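**Q** The following file, data.txt, comprises compact mmCIF, C-alpha atoms:
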```txt
# COMPACT_ATOMS: atom_id res chain seq x y z
CA MET A 175 0.00 0.00 0.00
CA PHE A 176 1.20 3.52 -0.76
CA TYR A 177 0.69 6.68 1.30
CA THR A 178 0.89 10.33 0.34
CA VAL A 179 3.06 12.76 2.28
CA GLY A 180 -0.03 13.95 4.17
CA GLU A 181 -1.14 10.42 5.04
CA MET A 182 2.31 9.36 6.23
CA ALA A 183 2.64 12.60 8.23
CA LYS A 184 -0.62 11.76 10.04
CA ILE A 185 0.58 8.22 10.77
CA LEU A 186 3.84 9.62 12.21
CA ASN A 187 2.13 12.49 14.01
CA THR A 188 4.30 15.03 12.20
CA THR A 189 3.77 17.57 9.45
CA PRO A 190 3.97 17.08 5.69
CA SER A 191 6.52 19.91 5.59
CA THR A 192 8.78 17.91 7.92
CA LEU A 193 8.73 14.94 5.54
CA ARG A 194 9.34 17.23 2.56
CA TYR A 195 12.28 18.77 4.43
CA TYR A 196 13.72 15.31 5.15
CA ASP A 197 13.43 14.48 1.47
CA LYS A 198 15.07 17.77 0.44
CA GLU A 199 17.95 17.04 2.84
CA GLY A 200 18.49 13.59 1.32
CA LEU A 201 17.14 11.56 4.25
CA LEU A 202 14.56 9.69 2.17
CA PRO A 203 16.45 8.07 -0.71
CA PHE A 204 14.20 5.03 -0.35
CA VAL A 205 10.94 6.90 -1.08
CA GLU A 206 9.48 6.20 -4.49
CA ARG A 207 7.82 8.81 -6.68
CA SER A 208 4.92 8.55 -9.05
CA GLU A 209 5.32 9.46 -12.73
CA SER A 210 4.17 12.97 -11.86
CA GLY A 211 6.79 13.25 -9.08
CA ILE A 212 4.52 12.75 -6.06
CA ARG A 213 6.20 11.01 -3.12
CA MET A 214 4.73 7.57 -2.47
CA PHE A 215 5.51 6.11 0.94
CA LYS A 216 5.30 2.35 1.46
CA ASP A 217 4.61 0.48 4.69
CA SER A 218 8.30 -0.43 4.82
CA ASP A 219 9.24 3.29 4.79
CA TYR A 220 7.54 3.70 8.16
CA GLU A 221 10.41 2.01 10.02
CA TRP A 222 12.95 4.24 8.27
CA LEU A 223 10.96 7.31 9.25
CA LEU A 224 10.72 6.14 12.86
CA VAL A 225 14.50 5.70 13.00
CA ILE A 226 15.02 9.17 11.49
CA ASP A 227 12.61 10.63 14.04
CA CYS A 228 14.34 8.74 16.86
CA LEU A 229 17.77 10.00 15.84
CA LYS A 230 16.45 13.54 15.45
CA ASN A 231 14.92 13.35 18.93
CA THR A 232 18.32 12.42 20.36
CA GLY A 233 19.69 15.68 19.07
CA MET A 234 21.56 14.14 16.15
CA GLY A 235 22.04 16.61 13.33
CA ILE A 236 20.58 16.18 9.88
CA LYS A 237 24.05 15.67 8.34
CA ASP A 238 24.78 12.81 10.75
CA ILE A 239 21.37 11.24 10.17
CA LYS A 240 22.02 11.41 6.45
CA ARG A 241 25.42 9.78 6.97
CA PHE A 242 23.78 7.03 9.03
CA ILE A 243 21.24 6.36 6.26
CA GLU A 244 24.01 6.29 3.67
CA MET A 245 25.89 3.74 5.78
CA VAL A 246 22.79 1.55 6.10
CA ILE A 247 22.34 1.64 2.36
CA ALA A 248 26.05 0.87 1.86
CA GLY A 249 25.53 -2.41 3.70
CA ASP A 250 27.34 -4.60 6.16
CA SER A 251 30.76 -3.01 5.63
CA THR A 252 29.54 -0.07 7.76
CA ILE A 253 28.15 -2.04 10.73
CA LYS A 254 30.97 -1.08 13.12
CA GLU A 255 30.73 2.61 12.20
CA ARG A 256 26.93 2.58 12.61
CA LEU A 257 27.28 0.83 15.96
CA GLN A 258 29.72 3.48 17.18
CA MET A 259 27.43 6.26 15.98
CA ILE A 260 24.46 4.76 17.85
CA ILE A 261 26.54 4.19 21.00
CA ARG A 262 27.63 7.86 20.95
CA GLN A 263 24.02 9.00 20.57
CA ARG A 264 22.94 6.68 23.35
CA GLU A 265 25.55 8.22 25.67
CA SER A 266 24.38 11.68 24.65
CA VAL A 267 20.79 10.73 25.50
CA LYS A 268 21.91 9.38 28.89
CA GLU A 269 23.56 12.73 29.64
CA GLN A 270 20.43 14.58 28.52
CA MET A 271 18.30 12.35 30.75
CA GLU A 272 20.55 13.02 33.76
CA LYS A 273 20.24 16.77 33.18
CA LEU A 274 16.48 16.47 32.78
CA GLN A 275 16.27 14.45 35.99
CA GLN A 276 18.18 17.17 37.82
CA THR A 277 15.77 19.71 36.35
CA MET A 278 12.80 17.63 37.49
CA ASP A 279 14.30 17.33 40.96
CA VAL A 280 14.59 21.12 41.22
CA LEU A 281 11.02 21.55 39.96
CA ASP A 282 9.77 19.00 42.51
CA TYR A 283 11.62 20.89 45.23
CA LYS A 284 10.15 24.21 44.07
CA VAL A 285 6.62 22.75 44.05
CA TRP A 286 7.14 21.65 47.66
CA TYR A 287 8.82 24.97 48.54
CA TYR A 288 6.00 27.15 47.21
CA SER A 289 3.27 24.84 48.50
CA THR A 290 4.83 25.08 51.96
CA ALA A 291 5.24 28.85 51.59
CA ASP A 292 1.62 29.19 50.43
CA LYS A 293 0.33 27.32 53.49
CA ALA A 294 2.54 29.41 55.81
CA GLY A 295 1.89 32.68 54.02
CA THR A 296 5.62 33.36 53.66
CA THR A 297 8.67 31.97 51.89
CA SER A 298 10.72 32.33 55.07
CA VAL A 299 9.26 29.08 56.43
CA PRO A 300 10.62 26.72 53.75
CA ARG A 301 13.74 28.87 53.27
CA ASN A 302 14.70 28.66 56.95
CA MET A 303 13.47 25.14 57.57
CA PRO A 304 16.13 22.76 58.94
CA GLU A 305 17.19 20.19 56.36
CA GLU A 306 15.84 17.27 58.41
CA GLU A 307 12.32 18.75 58.08
CA VAL A 308 12.58 18.93 54.29
CA PRO A 309 11.28 15.76 52.59
CA GLU A 310 14.23 13.44 52.08
CA ASN A 311 13.72 13.09 48.32
CA LEU A 312 14.03 16.89 47.94
CA ARG A 313 17.13 17.52 50.07
CA ALA A 314 19.71 17.01 47.31
CA ALA A 315 17.98 19.58 45.07
CA ARG A 316 17.79 22.02 47.98
CA ARG A 317 21.52 21.58 48.69
CA ARG A 318 22.33 22.08 44.98
CA LEU A 319 20.31 25.30 44.92
CA LYS A 320 21.97 26.57 48.09
CA ILE A 321 25.40 25.93 46.55
CA ILE A 322 24.39 27.88 43.45
CA HIS A 323 23.09 30.75 45.59
CA ALA A 324 26.33 30.75 47.63
CA LYS A 325 28.44 30.87 44.47
CA ALA A 326 26.32 33.72 43.12
CA ASP A 327 26.78 35.59 46.39
CA ASP A 328 30.55 35.07 46.13
CA LEU A 329 30.54 36.67 42.68
CA ASN A 330 28.85 39.78 44.03
```
How does this structure look as structure tokens?
**A**
Amino acid sequence: MFYTVGEMAKILNTTPSTLRYYDKEGLLPFVERSESGIRMFKDSDYEWLLVIDCLKNTGMGIKDIKRFIEMVIAGDSTIKERLQMIIRQRESVKEQMEKLQQTMDVLDYKVWYYSTADKAGTTSVPRNMPEEEVPENLRAARRRLKIIHAKADDLN
């Protein structure tokens, strides 16, 4: 079965312009065209598009995604290089996830902080609260924020 750009975009939950951009950048060498030049996506193209989307979501640049696709098309002689590329992206994603977890920890702390301040009617209550009264899962974020505030004070 064949799909138009619009149909495939709906399946992928993306925009037709994104798929056209991918094609313009050389990421879709596998996509067939009708006699009139209309892109015709097959069911088998879906997996390719998911991999492209996955790599894009890791922060991989278009040039590197294109290189990856070229290596896949080149065949088994590029397996080691593809493996290394995927391992590097995986490490990059791990680092991103660690940073996002730290961000979430700070947000969780701030939700607690302002909820506590709202109940007390002042921010001085959570700000001056002894660490042992702060929920245990929020203490590391609180310490990190206090270090940042101390460093900022040192700069002034």
**Q** Measuring atom to atom with all atoms listed in the file, identify which of A:Val299, A:Val205, A:Met234, A:Met214 is nearest to Thr178 in chain A.
**A**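 Ranked by minimum distance to Thr178 in chain A, first place goes to A:Met214.
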**Q** Leaving out Trp222 in chain A and any residue of its chain fewer than 3 positions from it, which residues lie within 10 Å of it when counting all atoms listed in the file, given as a list of chain:residue names?
**A**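 Residues near the query, excluding close chain neighbours: A:Leu201, A:Leu202, A:Phe204, A:Val205, A:Asp217, A:Ser218, A:Asp219, A:Val225, A:Ile226, A:Asp227, A:Cys228, A:Ile243.
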**Q** I'd like the contact shell of Asp197 in chain A - 12 Å cut-off, only C-alpha atoms, skipping same-chain residues fewer than 2 positions apart - returned as an MDAnalysis selection string.
**A** chainID A and resid 179 190:195 199:207 212:215 223 226 236 240
**Q** In Å, how far is it from CA of Tyr220 in chain A to CA of Gln270 in chain A?
**A**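 Here the two named atoms are 26.4 Å from each other.
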**Q** Provide the CA of Tyr283 in chain A to CA of Ala315 in chain A distance in Å, to one decimal place.
**A**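 Result for CA of Tyr283 in chain A versus CA of Ala315 in chain A: 6.5 Å, one decimal.
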**Q** Hey, can you check how far CA of Lys237 in chain A sits from CA of Phe176 in chain A?
**A**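 One can read the CA of Lys237 in chain A to CA of Phe176 in chain A distance as 27.4 Å.
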